[in-house]
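One structure is given here, and the rest of the page talks about it.
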Amino acid sequence: MRQVIIIGSGPAGYTAAIYAARANLKPLVIASSVEAGGELMKTTEVENFPGFPEGIQGPDLMTAMQEQAEKFGAEVVLDDVVELDLKGPVKRVTLGNGDVEEALTVIFATGSAYRRIGIPDEDRLSGMGVSWCATCDGFFFRQKTIAVVGGGDSAMEEATFLTRFADKVYVIHRRDKLRASKIMQDRAFANDKIEFVWNKEVRHIYGDTQVKGVGLLDTVDGTETIMDLDGLFIAIGNDPRTHLVHGQLDLTAEGTIAVDGRSSRTNIPGVFAAGDVIDPHYRQAVTAAASGTVAALDAEHYLASLPETALSAPADTAAAIA
């Protein structure tokens, strides 16, 4: 039986693994068979992660994090979790290959996925003009013409932030009114660089190796038009990856995993959560990494509070651990 299992391999998961491994907890990281490394594996240059003044490619950053975790003794498995049993003092994690791993603690760091529009070439042009993160990629669009898709607070925040770099920012919304809060709307309306494009849906993204424009469908009369652009930012929400813990862990109104204050403690003792799966607001690599640190320290403190016999107890005597 293991001391720590970490589910997820983004900045939160790998940072938790680094801290847990350095504490000699010998963590097992279940990194996913197809999405190991998380969302940063789909990002090109990362310029805002501390310690890299010249920037670093997203995949390179995640590879370095994995290597650092493994250097200290973390074990990384490229498989998917298909079932979790978090009840009781011993947690059971079933993998896609049929193996069942058991541990006294689980750190859930599965992140979140930016919501896609769901059109051809959206993913193909990711990192080549299509982005889901203004604070990550806005710097690359200095003196460019770009658009933000969405009508909520996130879209207004993205559009307003992007005016620091771009010459022109269109906000494309499928309705004739916004969902954003009044203060966010007023801020965007007052910005001379922002222009609203109402009752339009993005149906096509054009460009071979870089975004050149989008095809828009009018939601009122069905006509189609083409808008020339240098970049497209999609801000229609994100979905925390919590499907594995539905019915076991408490969730917030935003759908993220609920934790106790600034800690990583969930409603089940021995189960901790970190990164974007608990964060509906910031969703940055550096905040996720910090959250992973908290989770590893919380898990370490929890393990230290258990009886000395706990770590050597077989699963069938787990009741004695509680």
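Following the order of the structure tokens, first chain is A, next is B, and so on, with residues numbered from 1 inside each chain and ligands from 1 in the order they appear.
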**Item:** Spatial neighbours of Ile278 (chain A), max dist 12 Å, only C-alpha atoms, sep filter under 2 positions, as a PyMOL selection string
**Value:** chain A and resi 12+107-112+239-242+249-266+272-276+280-283+287-288+291-292+295
Just write the chosen residues, C-alpha atoms, as a PDB file, in the first residue's frame.
ATOM      1  CA  ALA A  12      -0.265  21.097  -9.589  1.00  0.00           C
ATOM      2  CA  ILE A 107      -4.200  14.221  -4.209  1.00  0.00           C
ATOM      3  CA  PHE A 108      -6.702  15.031  -6.939  1.00  0.00           C
ATOM      4  CA  ALA A 109      -5.121  17.427  -9.476  1.00  0.00           C
ATOM      5  CA  THR A 110      -6.947  16.733 -12.714  1.00  0.00           C
ATOM      6  CA  GLY A 111      -7.221  20.387 -13.729  1.00  0.00           C
ATOM      7  CA  SER A 112      -9.839  21.867 -15.983  1.00  0.00           C
ATOM      8  CA  ASP A 239     -15.021  22.780 -17.065  1.00  0.00           C
ATOM      9  CA  PRO A 240     -13.173  21.333 -14.055  1.00  0.00           C
ATOM     10  CA  ARG A 241     -12.449  17.637 -14.505  1.00  0.00           C
ATOM     11  CA  THR A 242     -14.437  16.284 -11.565  1.00  0.00           C
ATOM     12  CA  LEU A 249     -16.386  14.846  -2.911  1.00  0.00           C
ATOM     13  CA  ASP A 250     -18.318  18.027  -2.244  1.00  0.00           C
ATOM     14  CA  LEU A 251     -18.355  20.536  -5.103  1.00  0.00           C
ATOM     15  CA  THR A 252     -18.781  24.304  -5.119  1.00  0.00           C
ATOM     16  CA  ALA A 253     -21.446  26.247  -6.993  1.00  0.00           C
ATOM     17  CA  GLU A 254     -18.879  26.727  -9.786  1.00  0.00           C
ATOM     18  CA  GLY A 255     -18.445  22.953 -10.065  1.00  0.00           C
ATOM     19  CA  THR A 256     -14.931  22.879  -8.592  1.00  0.00           C
ATOM     20  CA  ILE A 257     -13.948  20.622  -5.695  1.00  0.00           C
ATOM     21  CA  ALA A 258     -14.685  22.272  -2.353  1.00  0.00           C
ATOM     22  CA  VAL A 259     -11.725  22.584   0.026  1.00  0.00           C
ATOM     23  CA  ASP A 260     -11.371  23.877   3.570  1.00  0.00           C
ATOM     24  CA  GLY A 261     -10.308  27.517   3.397  1.00  0.00           C
ATOM     25  CA  ARG A 262      -6.829  27.995   1.925  1.00  0.00           C
ATOM     26  CA  SER A 263      -5.984  24.339   2.499  1.00  0.00           C
ATOM     27  CA  SER A 264      -6.359  21.454   0.056  1.00  0.00           C
ATOM     28  CA  ARG A 265      -8.487  19.351   2.412  1.00  0.00           C
ATOM     29  CA  THR A 266     -11.719  17.997   0.949  1.00  0.00           C
ATOM     30  CA  PHE A 272      -6.782  16.490  -1.064  1.00  0.00           C
ATOM     31  CA  ALA A 273      -7.325  18.577  -4.192  1.00  0.00           C
ATOM     32  CA  ALA A 274      -5.111  21.096  -5.966  1.00  0.00           C
ATOM     33  CA  GLY A 275      -4.815  23.273  -9.036  1.00  0.00           C
ATOM     34  CA  ASP A 276      -7.492  24.307 -11.498  1.00  0.00           C
ATOM     35  CA  PRO A 280     -12.570  28.821 -10.793  1.00  0.00           C
ATOM     36  CA  HIS A 281     -10.816  32.187 -11.120  1.00  0.00           C
ATOM     37  CA  TYR A 282      -7.060  32.360 -11.757  1.00  0.00           C
ATOM     38  CA  ARG A 283      -6.177  29.184 -13.693  1.00  0.00           C
ATOM     39  CA  THR A 287      -0.986  29.306  -8.957  1.00  0.00           C
ATOM     40  CA  ALA A 288      -1.606  25.651  -9.762  1.00  0.00           C
ATOM     41  CA  SER A 291      -1.664  24.767  -4.864  1.00  0.00           C
ATOM     42  CA  GLY A 292       0.170  21.487  -5.483  1.00  0.00           C
ATOM     43  CA  ALA A 295      -1.661  19.628  -1.150  1.00  0.00           C
TER      44      ALA A 295
END
**Message:** I need the residues of region 161-302 of chain A that end up classed as alpha helix (DSSP H) by DSSP on the backbone, written out as an MDAnalysis selection string.
**Reply:** chainID A and resid 161:162 182:189 285:302
Could the residues of region 131-179 of chain A that have an atom at most 12 Å from region 48-62 of chain A be listed as CSV, each with its closest atom pair and the distance in Å to one decimal, counting only C-alpha atoms and ordered by chain and ascending residue number?
residue,atom,partner,partner_atom,distance
A:Ala134,CA,A:Asn48,CA,11.8
A:Thr135,CA,A:Asn48,CA,8.5
A:Cys136,CA,A:Asn48,CA,7.1
A:Asp137,CA,A:Asn48,CA,9.6
A:Gly138,CA,A:Asn48,CA,11.2
A:Phe139,CA,A:Asn48,CA,10.2
Mind writing the picked residues with all heavy atoms as a PDB file, in the first residue's frame?
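Below is the file that was written, again.pdb:
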ATOM      1  N   ALA A 134      -5.695  34.875 -22.193  1.00  0.00           N
ATOM      2  CA  ALA A 134      -5.129  36.178 -22.555  1.00  0.00           C
ATOM      3  C   ALA A 134      -3.862  36.480 -21.776  1.00  0.00           C
ATOM      4  O   ALA A 134      -2.896  37.017 -22.331  1.00  0.00           O
ATOM      5  CB  ALA A 134      -6.165  37.276 -22.322  1.00  0.00           C
ATOM      6  N   THR A 135      -3.838  36.163 -20.492  1.00  0.00           N
ATOM      7  CA  THR A 135      -2.652  36.466 -19.697  1.00  0.00           C
ATOM      8  C   THR A 135      -1.461  35.610 -20.118  1.00  0.00           C
ATOM      9  O   THR A 135      -0.314  35.991 -19.900  1.00  0.00           O
ATOM     10  CB  THR A 135      -2.920  36.261 -18.196  1.00  0.00           C
ATOM     11  OG1 THR A 135      -3.411  34.939 -17.969  1.00  0.00           O
ATOM     12  CG2 THR A 135      -3.943  37.270 -17.701  1.00  0.00           C
ATOM     13  N   CYS A 136      -1.749  34.456 -20.713  1.00  0.00           N
ATOM     14  CA  CYS A 136      -0.663  33.599 -21.205  1.00  0.00           C
ATOM     15  C   CYS A 136      -0.108  34.097 -22.538  1.00  0.00           C
ATOM     16  O   CYS A 136       1.109  34.086 -22.756  1.00  0.00           O
ATOM     17  CB  CYS A 136      -1.158  32.161 -21.389  1.00  0.00           C
ATOM     18  SG  CYS A 136      -1.901  31.396 -19.931  1.00  0.00           S
ATOM     19  N   ASP A 137      -0.994  34.506 -23.441  1.00  0.00           N
ATOM     20  CA  ASP A 137      -0.595  34.724 -24.833  1.00  0.00           C
ATOM     21  C   ASP A 137      -0.789  36.139 -25.355  1.00  0.00           C
ATOM     22  O   ASP A 137      -0.417  36.431 -26.494  1.00  0.00           O
ATOM     23  CB  ASP A 137      -1.380  33.755 -25.738  1.00  0.00           C
ATOM     24  CG  ASP A 137      -1.106  32.302 -25.396  1.00  0.00           C
ATOM     25  OD1 ASP A 137       0.025  32.004 -24.983  1.00  0.00           O
ATOM     26  OD2 ASP A 137      -2.029  31.471 -25.524  1.00  0.00           O
ATOM     27  N   GLY A 138      -1.381  37.009 -24.542  1.00  0.00           N
ATOM     28  CA  GLY A 138      -1.674  38.355 -25.037  1.00  0.00           C
ATOM     29  C   GLY A 138      -0.455  39.109 -25.542  1.00  0.00           C
ATOM     30  O   GLY A 138      -0.535  39.862 -26.521  1.00  0.00           O
ATOM     31  N   PHE A 139       0.685  38.890 -24.911  1.00  0.00           N
ATOM     32  CA  PHE A 139       1.918  39.597 -25.262  1.00  0.00           C
ATOM     33  C   PHE A 139       2.306  39.386 -26.722  1.00  0.00           C
ATOM     34  O   PHE A 139       2.949  40.238 -27.333  1.00  0.00           O
ATOM     35  CB  PHE A 139       3.042  39.112 -24.337  1.00  0.00           C
ATOM     36  CG  PHE A 139       4.359  39.778 -24.580  1.00  0.00           C
ATOM     37  CD1 PHE A 139       4.612  41.060 -24.093  1.00  0.00           C
ATOM     38  CD2 PHE A 139       5.357  39.138 -25.293  1.00  0.00           C
ATOM     39  CE1 PHE A 139       5.836  41.683 -24.313  1.00  0.00           C
ATOM     40  CE2 PHE A 139       6.586  39.753 -25.513  1.00  0.00           C
ATOM     41  CZ  PHE A 139       6.817  41.034 -25.026  1.00  0.00           C
TER      42      PHE A 139
END
**Message:** Give me the residues near Asp192 (chain A) as a VMD selection string, where near means some atom within 10 Å (using only C-alpha atoms) and where sequence neighbours in that chain fewer than 4 positions away do not count.
**Reply:** chain A and resid 163 167 to 169 188
Can I get the selected residues back with all heavy atoms, as a PDB file, in the first residue's frame?
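Contents of part19.pdb, freshly written:
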ATOM      1  N   THR A 163      -6.377  44.682 -24.618  1.00  0.00           N
ATOM      2  CA  THR A 163      -6.179  46.027 -25.164  1.00  0.00           C
ATOM      3  C   THR A 163      -4.831  46.609 -24.761  1.00  0.00           C
ATOM      4  O   THR A 163      -4.392  47.617 -25.321  1.00  0.00           O
ATOM      5  CB  THR A 163      -7.300  46.986 -24.717  1.00  0.00           C
ATOM      6  OG1 THR A 163      -7.322  47.073 -23.283  1.00  0.00           O
ATOM      7  CG2 THR A 163      -8.646  46.519 -25.232  1.00  0.00           C
ATOM      8  N   ASP A 167      -4.016  46.442 -31.106  1.00  0.00           N
ATOM      9  CA  ASP A 167      -4.553  47.722 -31.567  1.00  0.00           C
ATOM     10  C   ASP A 167      -6.076  47.715 -31.573  1.00  0.00           C
ATOM     11  O   ASP A 167      -6.707  48.747 -31.358  1.00  0.00           O
ATOM     12  CB  ASP A 167      -4.043  48.016 -32.978  1.00  0.00           C
ATOM     13  CG  ASP A 167      -2.595  48.463 -32.987  1.00  0.00           C
ATOM     14  OD1 ASP A 167      -2.080  48.827 -31.905  1.00  0.00           O
ATOM     15  OD2 ASP A 167      -1.975  48.432 -34.058  1.00  0.00           O
ATOM     16  N   LYS A 168      -6.658  46.534 -31.825  1.00  0.00           N
ATOM     17  CA  LYS A 168      -8.109  46.424 -31.920  1.00  0.00           C
ATOM     18  C   LYS A 168      -8.551  45.082 -31.359  1.00  0.00           C
ATOM     19  O   LYS A 168      -7.946  44.046 -31.666  1.00  0.00           O
ATOM     20  CB  LYS A 168      -8.551  46.531 -33.392  1.00  0.00           C
ATOM     21  CG  LYS A 168     -10.049  46.528 -33.602  1.00  0.00           C
ATOM     22  CD  LYS A 168     -10.658  47.852 -33.168  1.00  0.00           C
ATOM     23  CE  LYS A 168     -12.135  47.941 -33.500  1.00  0.00           C
ATOM     24  NZ  LYS A 168     -12.706  49.240 -33.108  1.00  0.00           N
ATOM     25  N   VAL A 169      -9.599  45.119 -30.542  1.00  0.00           N
ATOM     26  CA  VAL A 169     -10.142  43.889 -29.963  1.00  0.00           C
ATOM     27  C   VAL A 169     -11.653  43.851 -30.216  1.00  0.00           C
ATOM     28  O   VAL A 169     -12.393  44.712 -29.731  1.00  0.00           O
ATOM     29  CB  VAL A 169      -9.881  43.796 -28.448  1.00  0.00           C
ATOM     30  CG1 VAL A 169     -10.494  42.519 -27.881  1.00  0.00           C
ATOM     31  CG2 VAL A 169      -8.391  43.852 -28.150  1.00  0.00           C
ATOM     32  N   ALA A 188     -15.680  47.444 -20.321  1.00  0.00           N
ATOM     33  CA  ALA A 188     -15.414  47.088 -21.715  1.00  0.00           C
ATOM     34  C   ALA A 188     -16.022  48.112 -22.682  1.00  0.00           C
ATOM     35  O   ALA A 188     -15.382  48.513 -23.665  1.00  0.00           O
ATOM     36  CB  ALA A 188     -15.967  45.697 -22.007  1.00  0.00           C
TER      37      ALA A 188
END
**Prompt:** Of the candidates A:Met128, A:Ile30, A:Ile268, A:Leu303, which one gets nearest to Val82 (chain A) if we count only C-alpha atoms?
**Reply:**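 Closest to Val82 (chain A) of all the choices is A:Ile30.
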**Request:** Once DSSP has gone over the backbone, tell me which residues of region 8-128 of chain A are in strand (DSSP E or B), as a PyMOL selection string.
**Result:** chain A and resi 28-30+45-46+56-57+75-77+81-85+91-95+100-108+112-114+126
Rows by chain and residue number, region 65-171 of chain A within 7 Å of region 214-234 of chain A, shortest pair, only C-alpha atoms, as a Markdown table:
| residue | atom | partner | partner_atom | distance |
| --- | --- | --- | --- | --- |
| A:Gly129 | CA | A:Gly231 | CA | 4.3 |
| A:Val130 | CA | A:Leu232 | CA | 4.9 |
| A:Ser131 | CA | A:Phe233 | CA | 4.8 |
| A:Trp132 | CA | A:Ile234 | CA | 5.0 |
| A:Lys144 | CA | A:Asp230 | CA | 6.2 |
| A:Thr145 | CA | A:Asp230 | CA | 5.5 |
| A:Ile146 | CA | A:Gly231 | CA | 4.7 |
| A:Ala147 | CA | A:Leu232 | CA | 5.0 |
| A:Val148 | CA | A:Phe233 | CA | 4.6 |
| A:Val149 | CA | A:Ile234 | CA | 4.9 |
| A:Gly150 | CA | A:Ile234 | CA | 6.9 |
Let's have the selection written as an mmCIF file, in the first residue's frame, with C-alpha atoms.
data_model
loop_
_atom_site.group_PDB
_atom_site.id
_atom_site.type_symbol
_atom_site.label_atom_id
_atom_site.label_comp_id
_atom_site.auth_asym_id
_atom_site.auth_seq_id
_atom_site.Cartn_x
_atom_site.Cartn_y
_atom_site.Cartn_z
ATOM 1 C CA GLY A 129 -3.420 32.414 -33.172
ATOM 2 C CA VAL A 130 -6.108 30.515 -31.281
ATOM 3 C CA SER A 131 -5.844 30.830 -27.518
ATOM 4 C CA TRP A 132 -7.914 30.327 -24.384
ATOM 5 C CA LYS A 144 -2.519 43.200 -33.885
ATOM 6 C CA THR A 145 -6.229 42.869 -34.571
ATOM 7 C CA ILE A 146 -7.832 40.126 -32.529
ATOM 8 C CA ALA A 147 -11.221 38.943 -31.286
ATOM 9 C CA VAL A 148 -12.598 37.456 -28.100
ATOM 10 C CA VAL A 149 -15.526 35.035 -28.221
ATOM 11 C CA GLY A 150 -17.909 35.156 -25.270
#
**Asked** CA of Arg22 (chain A) to CA of Phe72 (chain A): how many Å, to one decimal?
**Response** 5.7 Å
**Request:** Can you work out which one of A:Ala304, A:Ala17, A:Ile183, A:Ile205 has the shortest atom-to-atom distance to Ala74 (chain A), counting only C-alpha atoms?
**Result:**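 Of A:Ala304, A:Ala17, A:Ile183, A:Ile205, the one nearest Ala74 (chain A) is A:Ala17, counting only C-alpha atoms.
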**Residues within 10 Å of Glu39 (chain A), only C-alpha atoms, excluding chain neighbours under 2 positions, as a ChimeraX atom specification** = /A:9-11,35-37,41-43,58-59,62,111-114,285
**Residues near Met156 (chain A), cut-off 10 Å, only C-alpha atoms, skip fewer than 6 positions along chain, as number ranges by chain** = A: 148-150, 162, 171, 178-181, 183-189, 194, 235
Written selection (C-alpha atoms) as a PDB file, in the first residue's frame:
ATOM      1  CA  VAL A 148     -12.598  37.456 -28.100  1.00  0.00           C
ATOM      2  CA  VAL A 149     -15.526  35.035 -28.221  1.00  0.00           C
ATOM      3  CA  GLY A 150     -17.909  35.156 -25.270  1.00  0.00           C
ATOM      4  CA  LEU A 162      -5.805  42.309 -24.418  1.00  0.00           C
ATOM      5  CA  VAL A 171     -15.886  40.903 -28.835  1.00  0.00           C
ATOM      6  CA  LEU A 178     -24.014  40.299 -22.394  1.00  0.00           C
ATOM      7  CA  ARG A 179     -24.120  37.947 -19.428  1.00  0.00           C
ATOM      8  CA  ALA A 180     -21.256  39.772 -17.734  1.00  0.00           C
ATOM      9  CA  SER A 181     -21.706  41.809 -14.565  1.00  0.00           C
ATOM     10  CA  ILE A 183     -19.142  46.688 -13.820  1.00  0.00           C
ATOM     11  CA  MET A 184     -17.342  44.429 -16.296  1.00  0.00           C
ATOM     12  CA  GLN A 185     -19.646  45.520 -19.127  1.00  0.00           C
ATOM     13  CA  ASP A 186     -19.150  49.207 -18.346  1.00  0.00           C
ATOM     14  CA  ARG A 187     -15.391  48.783 -18.320  1.00  0.00           C
ATOM     15  CA  ALA A 188     -15.414  47.088 -21.715  1.00  0.00           C
ATOM     16  CA  PHE A 189     -17.886  49.546 -23.271  1.00  0.00           C
ATOM     17  CA  ILE A 194     -12.998  47.281 -27.940  1.00  0.00           C
ATOM     18  CA  ALA A 235     -13.607  32.749 -23.441  1.00  0.00           C
TER      19      ALA A 235
END
**Interatomic distance (Å, one decimal) between CA of Asp80 (chain A) and CA of Arg2 (chain A)** =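 About the pair CA of Asp80 (chain A) and CA of Arg2 (chain A): they are 17.8 Å apart.
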**Asked** Taking only C-alpha atoms into account, which of A:Glu75, A:Thr160, A:Gln68, A:Val211 comes nearest Asp123 (chain A)?
**Response** A:Val211
**Message:** Restricting the calculation to only C-alpha atoms: of A:Leu244, A:Ile5, A:Leu125, A:Val271, which residue gets closest to Gly207 (chain A)?
**Reply:**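 Among the listed residues, A:Leu125 lies closest to Gly207 (chain A).
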**Request:** Find the residues around Lys177 (chain A) up to 9 Å (only C-alpha atoms counted), leave out those fewer than 3 positions away in its own chain, and share them as a list in words.
**Result:**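 The residues that qualify are Gly151, His173, Arg174, Trp198 and Asn199 of chain A.
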